[in-house]
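As stored in entry_4.cif (mmCIF, C-alpha atoms, pLDDT in the B column; chains and numbers go by the auth columns):
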```cif
data_query
#
loop_
_atom_site.group_PDB
_atom_site.id
_atom_site.type_symbol
_atom_site.label_atom_id
_atom_site.label_comp_id
_atom_site.label_asym_id
_atom_site.label_seq_id
_atom_site.Cartn_x
_atom_site.Cartn_y
_atom_site.Cartn_z
_atom_site.B_iso_or_equiv
_atom_site.auth_seq_id
_atom_site.auth_asym_id
ATOM 1 C CA MET A 1 176.190 102.950 -48.020 82.00 1 A
ATOM 2 C CA PRO A 2 178.569 104.565 -45.532 88.00 2 A
ATOM 3 C CA PRO A 3 181.237 102.411 -43.870 89.00 3 A
ATOM 4 C CA LYS A 4 180.216 100.814 -40.591 89.00 4 A
ATOM 5 C CA PRO A 5 181.097 103.107 -37.682 91.00 5 A
ATOM 6 C CA ASP A 6 183.489 101.812 -35.030 91.00 6 A
ATOM 7 C CA SER A 7 181.744 100.007 -32.176 92.00 7 A
ATOM 8 C CA TYR A 8 184.727 100.243 -29.799 92.00 8 A
ATOM 9 C CA LEU A 9 183.919 96.759 -28.515 94.00 9 A
ATOM 10 C CA VAL A 10 187.563 95.995 -27.740 93.00 10 A
ATOM 11 C CA TRP A 11 187.604 98.783 -25.128 91.00 11 A
ATOM 12 C CA ALA A 12 184.367 97.488 -23.648 91.00 12 A
ATOM 13 C CA ILE A 13 185.909 94.039 -23.251 93.00 13 A
ATOM 14 C CA LEU A 14 189.126 95.371 -21.770 91.00 14 A
ATOM 15 C CA SER A 15 187.310 97.574 -19.286 88.00 15 A
ATOM 16 C CA THR A 16 185.121 94.654 -18.212 89.00 16 A
ATOM 17 C CA VAL A 17 188.057 92.336 -17.605 88.00 17 A
ATOM 18 C CA LEU A 18 190.612 94.836 -16.339 83.00 18 A
ATOM 19 C CA CYS A 19 188.660 97.431 -14.425 74.00 19 A
ATOM 20 C CA CYS A 20 185.087 98.457 -14.163 74.00 20 A
ATOM 21 C CA LEU A 21 182.315 95.978 -14.783 79.00 21 A
ATOM 22 C CA PRO A 22 179.374 98.443 -14.826 83.00 22 A
ATOM 23 C CA LEU A 23 181.020 100.725 -17.383 86.00 23 A
ATOM 24 C CA GLY A 24 182.133 97.713 -19.399 88.00 24 A
ATOM 25 C CA ILE A 25 178.561 96.461 -19.641 90.00 25 A
ATOM 26 C CA VAL A 26 177.245 99.853 -20.756 91.00 26 A
ATOM 27 C CA SER A 27 179.985 99.917 -23.413 91.00 27 A
ATOM 28 C CA ILE A 28 179.120 96.425 -24.676 93.00 28 A
ATOM 29 C CA VAL A 29 175.449 97.414 -25.020 94.00 29 A
ATOM 30 C CA GLN A 30 176.487 100.547 -26.947 92.00 30 A
ATOM 31 C CA ALA A 31 178.649 98.435 -29.262 92.00 31 A
ATOM 32 C CA ALA A 32 175.727 96.089 -29.891 94.00 32 A
ATOM 33 C CA LYS A 33 173.533 99.082 -30.791 95.00 33 A
ATOM 34 C CA VAL A 34 176.046 100.338 -33.371 95.00 34 A
ATOM 35 C CA ASP A 35 175.922 97.063 -35.276 93.00 35 A
ATOM 36 C CA GLY A 36 172.182 96.569 -34.872 94.00 36 A
ATOM 37 C CA LEU A 37 171.340 100.046 -36.195 95.00 37 A
ATOM 38 C CA TYR A 38 173.857 99.783 -39.026 95.00 38 A
ATOM 39 C CA THR A 39 172.594 96.443 -40.282 94.00 39 A
ATOM 40 C CA SER A 40 169.017 97.758 -40.240 95.00 40 A
ATOM 41 C CA GLY A 41 170.099 100.682 -42.426 95.00 41 A
ATOM 42 C CA GLN A 42 169.817 103.415 -39.782 95.00 42 A
ATOM 43 C CA TYR A 43 173.215 104.884 -40.572 95.00 43 A
ATOM 44 C CA ASP A 44 172.783 108.195 -38.754 95.00 44 A
ATOM 45 C CA GLN A 45 171.623 106.496 -35.580 94.00 45 A
ATOM 46 C CA ALA A 46 174.454 103.986 -35.904 95.00 46 A
ATOM 47 C CA ARG A 47 176.945 106.836 -36.103 95.00 47 A
ATOM 48 C CA GLN A 48 175.386 108.404 -33.000 94.00 48 A
ATOM 49 C CA ALA A 49 175.591 105.085 -31.175 93.00 49 A
ATOM 50 C CA SER A 50 179.240 104.852 -32.212 94.00 50 A
ATOM 51 C CA GLU A 51 179.912 108.305 -30.751 95.00 51 A
ATOM 52 C CA SER A 52 178.186 107.188 -27.586 93.00 52 A
ATOM 53 C CA ALA A 53 180.217 103.951 -27.491 91.00 53 A
ATOM 54 C CA LYS A 54 183.373 106.030 -27.868 92.00 54 A
ATOM 55 C CA LYS A 55 182.299 108.310 -25.045 93.00 55 A
ATOM 56 C CA TRP A 56 181.691 105.349 -22.733 91.00 56 A
ATOM 57 C CA ALA A 57 184.998 103.759 -23.677 87.00 57 A
ATOM 58 C CA ILE A 58 186.769 107.000 -22.733 88.00 58 A
ATOM 59 C CA ILE A 59 184.764 107.286 -19.497 90.00 59 A
ATOM 60 C CA SER A 60 185.744 103.743 -18.470 87.00 60 A
ATOM 61 C CA ALA A 61 189.382 104.362 -19.332 84.00 61 A
ATOM 62 C CA VAL A 62 189.467 107.595 -17.311 88.00 62 A
ATOM 63 C CA VAL A 63 187.548 106.154 -14.357 87.00 63 A
ATOM 64 C CA GLY A 64 189.753 103.052 -14.456 82.00 64 A
ATOM 65 C CA LEU A 65 192.924 105.120 -14.482 83.00 65 A
ATOM 66 C CA VAL A 66 191.797 107.490 -11.731 87.00 66 A
ATOM 67 C CA VAL A 67 190.614 104.639 -9.510 80.00 67 A
ATOM 68 C CA ALA A 68 193.799 102.669 -10.166 76.00 68 A
ATOM 69 C CA VAL A 69 196.068 105.609 -9.379 82.00 69 A
ATOM 70 C CA LEU A 70 194.157 106.557 -6.212 82.00 70 A
ATOM 71 C CA TYR A 71 194.055 102.932 -5.172 75.00 71 A
ATOM 72 C CA VAL A 72 197.733 102.267 -5.706 72.00 72 A
ATOM 73 C CA LEU A 73 198.544 105.490 -3.881 78.00 73 A
ATOM 74 C CA LEU A 74 196.369 104.484 -0.961 76.00 74 A
ATOM 75 C CA VAL A 75 197.338 100.837 -0.786 69.00 75 A
ATOM 76 C CA VAL A 76 200.909 100.660 -1.991 65.00 76 A
ATOM 77 C CA VAL A 77 202.310 103.991 -0.901 67.00 77 A
ATOM 78 C CA ILE A 78 200.414 104.761 2.287 67.00 78 A
ATOM 79 C CA GLY A 79 199.698 101.147 3.146 63.00 79 A
ATOM 80 C CA VAL A 80 196.008 101.201 3.977 56.00 80 A
ATOM 81 C CA ALA A 81 195.714 97.584 2.821 49.00 81 A
ATOM 82 C CA GLY A 82 193.875 95.274 5.148 47.00 82 A
ATOM 83 C CA SER A 83 196.234 92.574 6.384 44.00 83 A
ATOM 84 C CA THR A 84 193.845 89.716 5.787 42.00 84 A
ATOM 85 C CA SER A 85 195.294 86.301 5.022 40.00 85 A
ATOM 86 C CA THR A 86 193.323 85.852 1.832 44.00 86 A
ATOM 87 C CA SER A 87 194.917 86.862 -1.431 46.00 87 A
ATOM 88 C CA SER A 88 193.922 90.017 -3.240 48.00 88 A
ATOM 89 C CA GLY A 89 190.756 90.113 -5.277 52.00 89 A
ATOM 90 C CA PHE A 90 192.210 91.521 -8.453 58.00 90 A
ATOM 91 C CA MET B 1 185.088 121.718 -36.236 47.00 1 B
ATOM 92 C CA THR B 2 188.833 121.427 -36.590 49.00 2 B
ATOM 93 C CA SER B 3 191.338 122.578 -39.148 51.00 3 B
ATOM 94 C CA THR B 4 193.444 119.453 -38.791 56.00 4 B
ATOM 95 C CA PRO B 5 193.179 117.335 -41.934 62.00 5 B
ATOM 96 C CA ALA B 6 191.586 113.971 -41.315 62.00 6 B
ATOM 97 C CA SER B 7 194.669 112.193 -42.625 69.00 7 B
ATOM 98 C CA THR B 8 196.834 113.784 -39.920 75.00 8 B
ATOM 99 C CA LEU B 9 194.388 112.669 -37.256 72.00 9 B
ATOM 100 C CA ASP B 10 194.365 109.184 -38.727 78.00 10 B
ATOM 101 C CA THR B 11 198.157 109.077 -38.727 81.00 11 B
ATOM 102 C CA THR B 12 198.262 110.178 -35.091 84.00 12 B
ATOM 103 C CA ARG B 13 195.627 107.617 -34.167 82.00 13 B
ATOM 104 C CA ARG B 14 197.430 104.848 -36.017 82.00 14 B
ATOM 105 C CA GLY B 15 200.744 105.754 -34.411 84.00 15 B
ATOM 106 C CA LEU B 16 199.145 105.737 -30.964 87.00 16 B
ATOM 107 C CA ILE B 17 197.569 102.354 -31.535 86.00 17 B
ATOM 108 C CA ARG B 18 200.660 100.872 -33.154 88.00 18 B
ATOM 109 C CA TYR B 19 203.190 101.968 -30.530 89.00 19 B
ATOM 110 C CA ALA B 20 201.452 103.350 -27.436 89.00 20 B
ATOM 111 C CA ALA B 21 199.043 100.430 -26.914 89.00 21 B
ATOM 112 C CA PRO B 22 201.786 97.748 -26.787 92.00 22 B
ATOM 113 C CA GLY B 23 203.914 100.147 -24.736 92.00 23 B
ATOM 114 C CA VAL B 24 201.208 100.608 -22.106 89.00 24 B
ATOM 115 C CA ALA B 25 200.541 96.855 -22.087 91.00 25 B
ATOM 116 C CA LEU B 26 204.238 96.095 -21.646 93.00 26 B
ATOM 117 C CA ALA B 27 204.547 98.622 -18.817 92.00 27 B
ATOM 118 C CA GLY B 28 201.549 97.117 -17.041 89.00 28 B
ATOM 119 C CA VAL B 29 202.789 93.561 -17.393 92.00 29 B
ATOM 120 C CA THR B 30 206.276 94.555 -16.225 92.00 30 B
ATOM 121 C CA ALA B 31 204.772 96.166 -13.128 89.00 31 B
ATOM 122 C CA LEU B 32 202.797 92.979 -12.433 90.00 32 B
ATOM 123 C CA VAL B 33 205.887 90.808 -12.816 90.00 33 B
ATOM 124 C CA LEU B 34 207.951 93.054 -10.545 89.00 34 B
ATOM 125 C CA ARG B 35 205.239 93.316 -7.901 85.00 35 B
ATOM 126 C CA ASP B 36 203.476 89.966 -7.698 87.00 36 B
ATOM 127 C CA PRO B 37 199.703 90.479 -7.295 86.00 37 B
ATOM 128 C CA HIS B 38 199.382 87.141 -5.471 87.00 38 B
ATOM 129 C CA GLY B 39 200.491 88.760 -2.220 78.00 39 B
ATOM 130 C CA SER B 40 197.668 89.957 -0.006 70.00 40 B
ATOM 131 C CA GLY B 41 196.946 93.603 -0.675 67.00 41 B
ATOM 132 C CA SER B 42 199.955 94.025 -2.938 73.00 42 B
ATOM 133 C CA TRP B 43 197.768 95.802 -5.465 76.00 43 B
ATOM 134 C CA GLY B 44 194.758 96.247 -3.225 72.00 44 B
ATOM 135 C CA THR B 45 191.521 94.332 -3.363 76.00 45 B
ATOM 136 C CA CYS B 46 189.063 94.560 -6.233 78.00 46 B
ATOM 137 C CA PRO B 47 186.413 97.159 -5.255 77.00 47 B
ATOM 138 C CA SER B 48 183.558 94.774 -6.052 79.00 48 B
ATOM 139 C CA LEU B 49 184.964 92.206 -3.648 84.00 49 B
ATOM 140 C CA LEU B 50 185.773 94.830 -1.041 81.00 50 B
ATOM 141 C CA LEU B 51 182.397 96.599 -1.197 82.00 51 B
ATOM 142 C CA PHE B 52 179.978 93.812 -2.041 86.00 52 B
ATOM 143 C CA GLY B 53 181.893 90.614 -1.320 88.00 53 B
ATOM 144 C CA VAL B 54 181.271 89.447 -4.868 90.00 54 B
ATOM 145 C CA TYR B 55 183.744 88.357 -7.534 92.00 55 B
ATOM 146 C CA CYS B 56 183.311 90.402 -10.702 91.00 56 B
ATOM 147 C CA PRO B 57 184.289 88.999 -14.132 92.00 57 B
ATOM 148 C CA GLY B 58 187.596 90.849 -13.822 91.00 58 B
ATOM 149 C CA CYS B 59 188.604 89.466 -10.440 91.00 59 B
ATOM 150 C CA GLY B 60 191.803 87.449 -10.736 92.00 60 B
ATOM 151 C CA SER B 61 192.873 89.186 -13.940 92.00 61 B
ATOM 152 C CA LEU B 62 195.961 90.790 -12.398 92.00 62 B
ATOM 153 C CA ARG B 63 197.129 87.458 -10.979 94.00 63 B
ATOM 154 C CA GLY B 64 196.209 85.858 -14.292 95.00 64 B
ATOM 155 C CA LEU B 65 198.306 88.412 -16.192 95.00 65 B
ATOM 156 C CA HIS B 66 201.231 87.849 -13.840 95.00 66 B
ATOM 157 C CA ASP B 67 201.025 84.076 -14.318 96.00 67 B
ATOM 158 C CA LEU B 68 200.675 84.416 -18.066 95.00 68 B
ATOM 159 C CA ALA B 69 203.722 86.686 -18.225 95.00 69 B
ATOM 160 C CA THR B 70 205.743 84.183 -16.208 95.00 70 B
ATOM 161 C CA GLY B 71 204.673 81.264 -18.383 95.00 71 B
ATOM 162 C CA GLN B 72 202.123 79.619 -16.092 95.00 72 B
ATOM 163 C CA LEU B 73 199.180 79.295 -18.454 95.00 73 B
ATOM 164 C CA LEU B 74 197.153 76.863 -16.335 95.00 74 B
ATOM 165 C CA GLU B 75 197.602 78.993 -13.231 95.00 75 B
ATOM 166 C CA SER B 76 196.462 81.996 -15.213 95.00 76 B
ATOM 167 C CA VAL B 77 193.331 80.231 -16.462 95.00 77 B
ATOM 168 C CA SER B 78 192.483 79.121 -12.933 95.00 78 B
ATOM 169 C CA HIS B 79 192.523 82.730 -11.732 95.00 79 B
ATOM 170 C CA ASN B 80 190.332 84.048 -14.528 96.00 80 B
ATOM 171 C CA LEU B 81 188.932 81.923 -17.337 96.00 81 B
ATOM 172 C CA ILE B 82 187.974 84.824 -19.575 96.00 82 B
ATOM 173 C CA LEU B 83 191.264 86.710 -19.341 96.00 83 B
ATOM 174 C CA VAL B 84 193.083 84.770 -22.079 96.00 84 B
ATOM 175 C CA PRO B 85 190.177 85.008 -24.554 96.00 85 B
ATOM 176 C CA ALA B 86 189.875 88.741 -23.786 96.00 86 B
ATOM 177 C CA LEU B 87 193.594 89.271 -24.415 96.00 87 B
ATOM 178 C CA ALA B 88 193.386 87.227 -27.612 96.00 88 B
ATOM 179 C CA TYR B 89 190.513 89.439 -28.771 96.00 89 B
ATOM 180 C CA ALA B 90 192.528 92.580 -27.974 95.00 90 B
ATOM 181 C CA ALA B 91 195.597 91.202 -29.777 95.00 91 B
ATOM 182 C CA TRP B 92 193.471 90.341 -32.812 96.00 92 B
ATOM 183 C CA TRP B 93 191.990 93.845 -32.802 94.00 93 B
ATOM 184 C CA TRP B 94 195.491 95.345 -32.581 94.00 94 B
ATOM 185 C CA LEU B 95 196.726 93.228 -35.497 94.00 95 B
ATOM 186 C CA ALA B 96 193.719 94.298 -37.588 94.00 96 B
ATOM 187 C CA GLN B 97 194.403 97.951 -36.735 91.00 97 B
ATOM 188 C CA VAL B 98 198.093 97.898 -37.660 91.00 98 B
ATOM 189 C CA THR B 99 197.592 95.961 -40.885 92.00 99 B
ATOM 190 C CA THR B 100 194.756 98.029 -42.420 87.00 100 B
ATOM 191 C CA GLN B 101 197.207 99.809 -44.713 85.00 101 B
ATOM 192 C CA SER B 102 199.266 96.759 -45.552 88.00 102 B
ATOM 193 C CA ARG B 103 198.868 94.490 -48.539 91.00 103 B
ATOM 194 C CA ARG B 104 197.492 91.659 -46.434 92.00 104 B
ATOM 195 C CA PRO B 105 195.180 93.250 -43.846 92.00 105 B
ATOM 196 C CA VAL B 106 193.913 91.121 -40.991 93.00 106 B
ATOM 197 C CA ALA B 107 190.109 91.114 -40.730 93.00 107 B
ATOM 198 C CA ALA B 108 188.751 93.000 -37.720 92.00 108 B
ATOM 199 C CA PRO B 109 187.486 90.836 -34.832 94.00 109 B
ATOM 200 C CA TRP B 110 183.760 90.214 -34.466 93.00 110 B
ATOM 201 C CA ASP B 111 181.702 93.092 -33.162 90.00 111 B
ATOM 202 C CA SER B 112 178.200 92.225 -34.347 93.00 112 B
ATOM 203 C CA ALA B 113 175.182 92.891 -32.148 93.00 113 B
ATOM 204 C CA ARG B 114 174.718 89.138 -31.797 95.00 114 B
ATOM 205 C CA PHE B 115 178.314 88.706 -30.609 96.00 115 B
ATOM 206 C CA SER B 116 177.967 91.598 -28.155 96.00 116 B
ATOM 207 C CA TYR B 117 174.775 90.230 -26.606 96.00 117 B
ATOM 208 C CA ALA B 118 176.279 86.733 -26.466 97.00 118 B
ATOM 209 C CA LEU B 119 179.224 88.279 -24.647 96.00 119 B
ATOM 210 C CA LEU B 120 176.889 89.848 -22.087 95.00 120 B
ATOM 211 C CA ALA B 121 175.227 86.462 -21.567 96.00 121 B
ATOM 212 C CA VAL B 122 178.599 84.738 -21.117 96.00 122 B
ATOM 213 C CA LEU B 123 179.667 87.408 -18.627 95.00 123 B
ATOM 214 C CA ALA B 124 176.442 86.981 -16.648 94.00 124 B
ATOM 215 C CA VAL B 125 176.805 83.185 -16.491 96.00 125 B
ATOM 216 C CA PHE B 126 180.502 83.457 -15.643 96.00 126 B
ATOM 217 C CA THR B 127 179.818 85.950 -12.838 94.00 127 B
ATOM 218 C CA VAL B 128 177.139 83.771 -11.254 95.00 128 B
ATOM 219 C CA ALA B 129 179.150 80.576 -11.707 96.00 129 B
ATOM 220 C CA ARG B 130 182.314 81.910 -10.103 95.00 130 B
ATOM 221 C CA ASN B 131 180.411 83.142 -7.057 95.00 131 B
ATOM 222 C CA LEU B 132 178.825 79.768 -6.289 95.00 132 B
ATOM 223 C CA PRO B 133 180.281 78.144 -3.185 94.00 133 B
ATOM 224 C CA GLY B 134 183.370 76.082 -3.965 92.00 134 B
ATOM 225 C CA SER B 135 183.368 77.155 -7.605 94.00 135 B
ATOM 226 C CA VAL B 136 186.426 76.197 -9.668 93.00 136 B
ATOM 227 C CA LEU B 137 185.907 79.445 -11.573 94.00 137 B
ATOM 228 C CA ALA B 138 186.507 81.579 -8.483 93.00 138 B
ATOM 229 C CA PRO B 139 189.685 83.641 -8.746 92.00 139 B
#
```
Would you kindly transcribe this structure into structure tokens?
Amino acid sequence: MPPKPDSYLVWAILSTVLCCLPLGIVSIVQAAKVDGLYTSGQYDQARQASESAKKWAIISAVVGLVVAVLYVLLVVVIGVAGSTSTSSGF
Amino acid sequence: MTSTPASTLDTTRRGLIRYAAPGVALAGVTALVLRDPHGSGSWGTCPSLLLFGVYCPGCGSLRGLHDLATGQLLESVSHNLILVPALAYAAWWWLAQVTTQSRRPVAAPWDSARFSYALLAVLAVFTVARNLPGSVLAP
């Protein structure tokens, strides 16, 4: 029995809470698939799901970083921020 | 594929996780302490709130991190209830990663399919609950 492939769930959780909800959800579903396939003995498929989970974790990290950098540039440096009285949503 | 021995890759990966992850976390928290996210537009508005007018499960996490870093646990929880559990999960994962080679390794955090689907359910309930009018879970 091969060792259980990494599900990368920690990255899914971090991307959900710290940046992008849609990508986080896709990553959580991928992580669930890794475990489900592994416990049912489909090791090859589990490894593929793990690769896919890894890919989504990287996509969320990159998207999160790019959005954050663009956003901070726009808001903090150039000052596009709306001057509403409510506090920020983040 | 690659000529790099697996052990070298593992060492690189372990080093990154051991040192770079806490480094990035520390840098982020320092930035949030120096520039308080409570101010309007100080770090911008969450895209989900800006575009759809809806609080996502992550809304309030920057303010929550700031409050946590400055020792205001209750304030932090009031901004985002799931932030502290998420950070605890990440810290647990980090501990498990850095102790795999040690004599007393920490068990890896849960990542079963059941846990993952339960997490999705919790996120769904949390998202709906915090968007109800007058919700205490709102950021």
Got a sec to pull out which chain B residues are within 10 Å of chain A, counting all atoms listed in the file, and send them as a tab-separated table (two decimals) with C-alpha atoms, in the coordinates of the input?
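Generated file (result36.tsv):
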```tsv
chain	number	residue	atom	x	y	z
B	37	PRO	CA	199.70	90.48	-7.30
B	38	HIS	CA	199.38	87.14	-5.47
B	39	GLY	CA	200.49	88.76	-2.22
B	40	SER	CA	197.67	89.96	-0.01
B	41	GLY	CA	196.95	93.60	-0.68
B	42	SER	CA	199.96	94.02	-2.94
B	43	TRP	CA	197.77	95.80	-5.46
B	44	GLY	CA	194.76	96.25	-3.22
B	45	THR	CA	191.52	94.33	-3.36
B	46	CYS	CA	189.06	94.56	-6.23
B	47	PRO	CA	186.41	97.16	-5.26
B	48	SER	CA	183.56	94.77	-6.05
B	49	LEU	CA	184.96	92.21	-3.65
B	50	LEU	CA	185.77	94.83	-1.04
B	53	GLY	CA	181.89	90.61	-1.32
B	54	VAL	CA	181.27	89.45	-4.87
B	55	TYR	CA	183.74	88.36	-7.53
B	56	CYS	CA	183.31	90.40	-10.70
B	57	PRO	CA	184.29	89.00	-14.13
B	58	GLY	CA	187.60	90.85	-13.82
B	59	CYS	CA	188.60	89.47	-10.44
B	60	GLY	CA	191.80	87.45	-10.74
B	61	SER	CA	192.87	89.19	-13.94
B	62	LEU	CA	195.96	90.79	-12.40
B	63	ARG	CA	197.13	87.46	-10.98
B	64	GLY	CA	196.21	85.86	-14.29
B	79	HIS	CA	192.52	82.73	-11.73
B	80	ASN	CA	190.33	84.05	-14.53
B	82	ILE	CA	187.97	84.82	-19.58
B	83	LEU	CA	191.26	86.71	-19.34
B	86	ALA	CA	189.88	88.74	-23.79
B	87	LEU	CA	193.59	89.27	-24.42
B	89	TYR	CA	190.51	89.44	-28.77
B	90	ALA	CA	192.53	92.58	-27.97
B	91	ALA	CA	195.60	91.20	-29.78
B	92	TRP	CA	193.47	90.34	-32.81
B	93	TRP	CA	191.99	93.84	-32.80
B	94	TRP	CA	195.49	95.34	-32.58
B	109	PRO	CA	187.49	90.84	-34.83
B	110	TRP	CA	183.76	90.21	-34.47
B	111	ASP	CA	181.70	93.09	-33.16
B	112	SER	CA	178.20	92.22	-34.35
B	113	ALA	CA	175.18	92.89	-32.15
B	114	ARG	CA	174.72	89.14	-31.80
B	115	PHE	CA	178.31	88.71	-30.61
B	116	SER	CA	177.97	91.60	-28.16
B	117	TYR	CA	174.78	90.23	-26.61
B	118	ALA	CA	176.28	86.73	-26.47
B	119	LEU	CA	179.22	88.28	-24.65
B	120	LEU	CA	176.89	89.85	-22.09
B	123	LEU	CA	179.67	87.41	-18.63
B	139	PRO	CA	189.68	83.64	-8.75
```
Practice prompt. Around the point (199.0, 100.1, -37.6) in the file's coordinates, collect all residues with an atom within 10 Å, using all atoms listed in the file, and return them as number ranges by chain.
Written response: B: 11, 13-19, 94-102
Which residues come within 10 Å of Pro2 in chain A, counting all atoms listed in the file, excluding same-chain residues fewer than 4 positions away, as a CSV table (one decimal) with C-alpha atoms, keeping the file's coordinate frame?
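Listing of out-v4.csv after writing:
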```
chain,number,residue,atom,x,y,z
A,38,TYR,CA,173.9,99.8,-39.0
A,41,GLY,CA,170.1,100.7,-42.4
A,43,TYR,CA,173.2,104.9,-40.6
A,44,ASP,CA,172.8,108.2,-38.8
A,47,ARG,CA,176.9,106.8,-36.1
```
Worksheet entry | Å distance separating CA of Val26 in chain A from CA of Trp56 in chain A, one decimal place | 7.3 Å
Item to complete: Work out how far CA of Leu137 in chain B is from CA of Ser60 in chain A, in Å to one decimal.
Response: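 Taking CA of Ser60 in chain A as the start and CA of Leu137 in chain B as the end point, the length is 25.3 Å.
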Practice prompt. Decode the PyMOL selection byres ((chain B and resi 66) around 8) for the given file into explicit residues and return them as a list in words.
Written response: Val29, Leu32, Val33, Asp36, Pro37, Leu62, Arg63, Gly64, Leu65, Asp67, Leu68, Ala69, Thr70 and Ser76 of chain B
Please, what is the axis-aligned box for every listed atom of range 29-41 of chain A with 5 Å on each side, as centre and edge lengths in Å to one decimal, as lines of an AutoDock Vina configuration file?
```
center_x = 173.8
center_y = 98.4
center_z = -33.7
size_x = 19.6
size_y = 14.6
size_z = 27.4
```
Worksheet item: What does the distance between CA of Pro3 in chain A and CA of Ala46 in chain A come to in Å, to one decimal place?
Response: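 Separating CA of Pro3 in chain A from CA of Ala46 in chain A is a distance of 10.6 Å.
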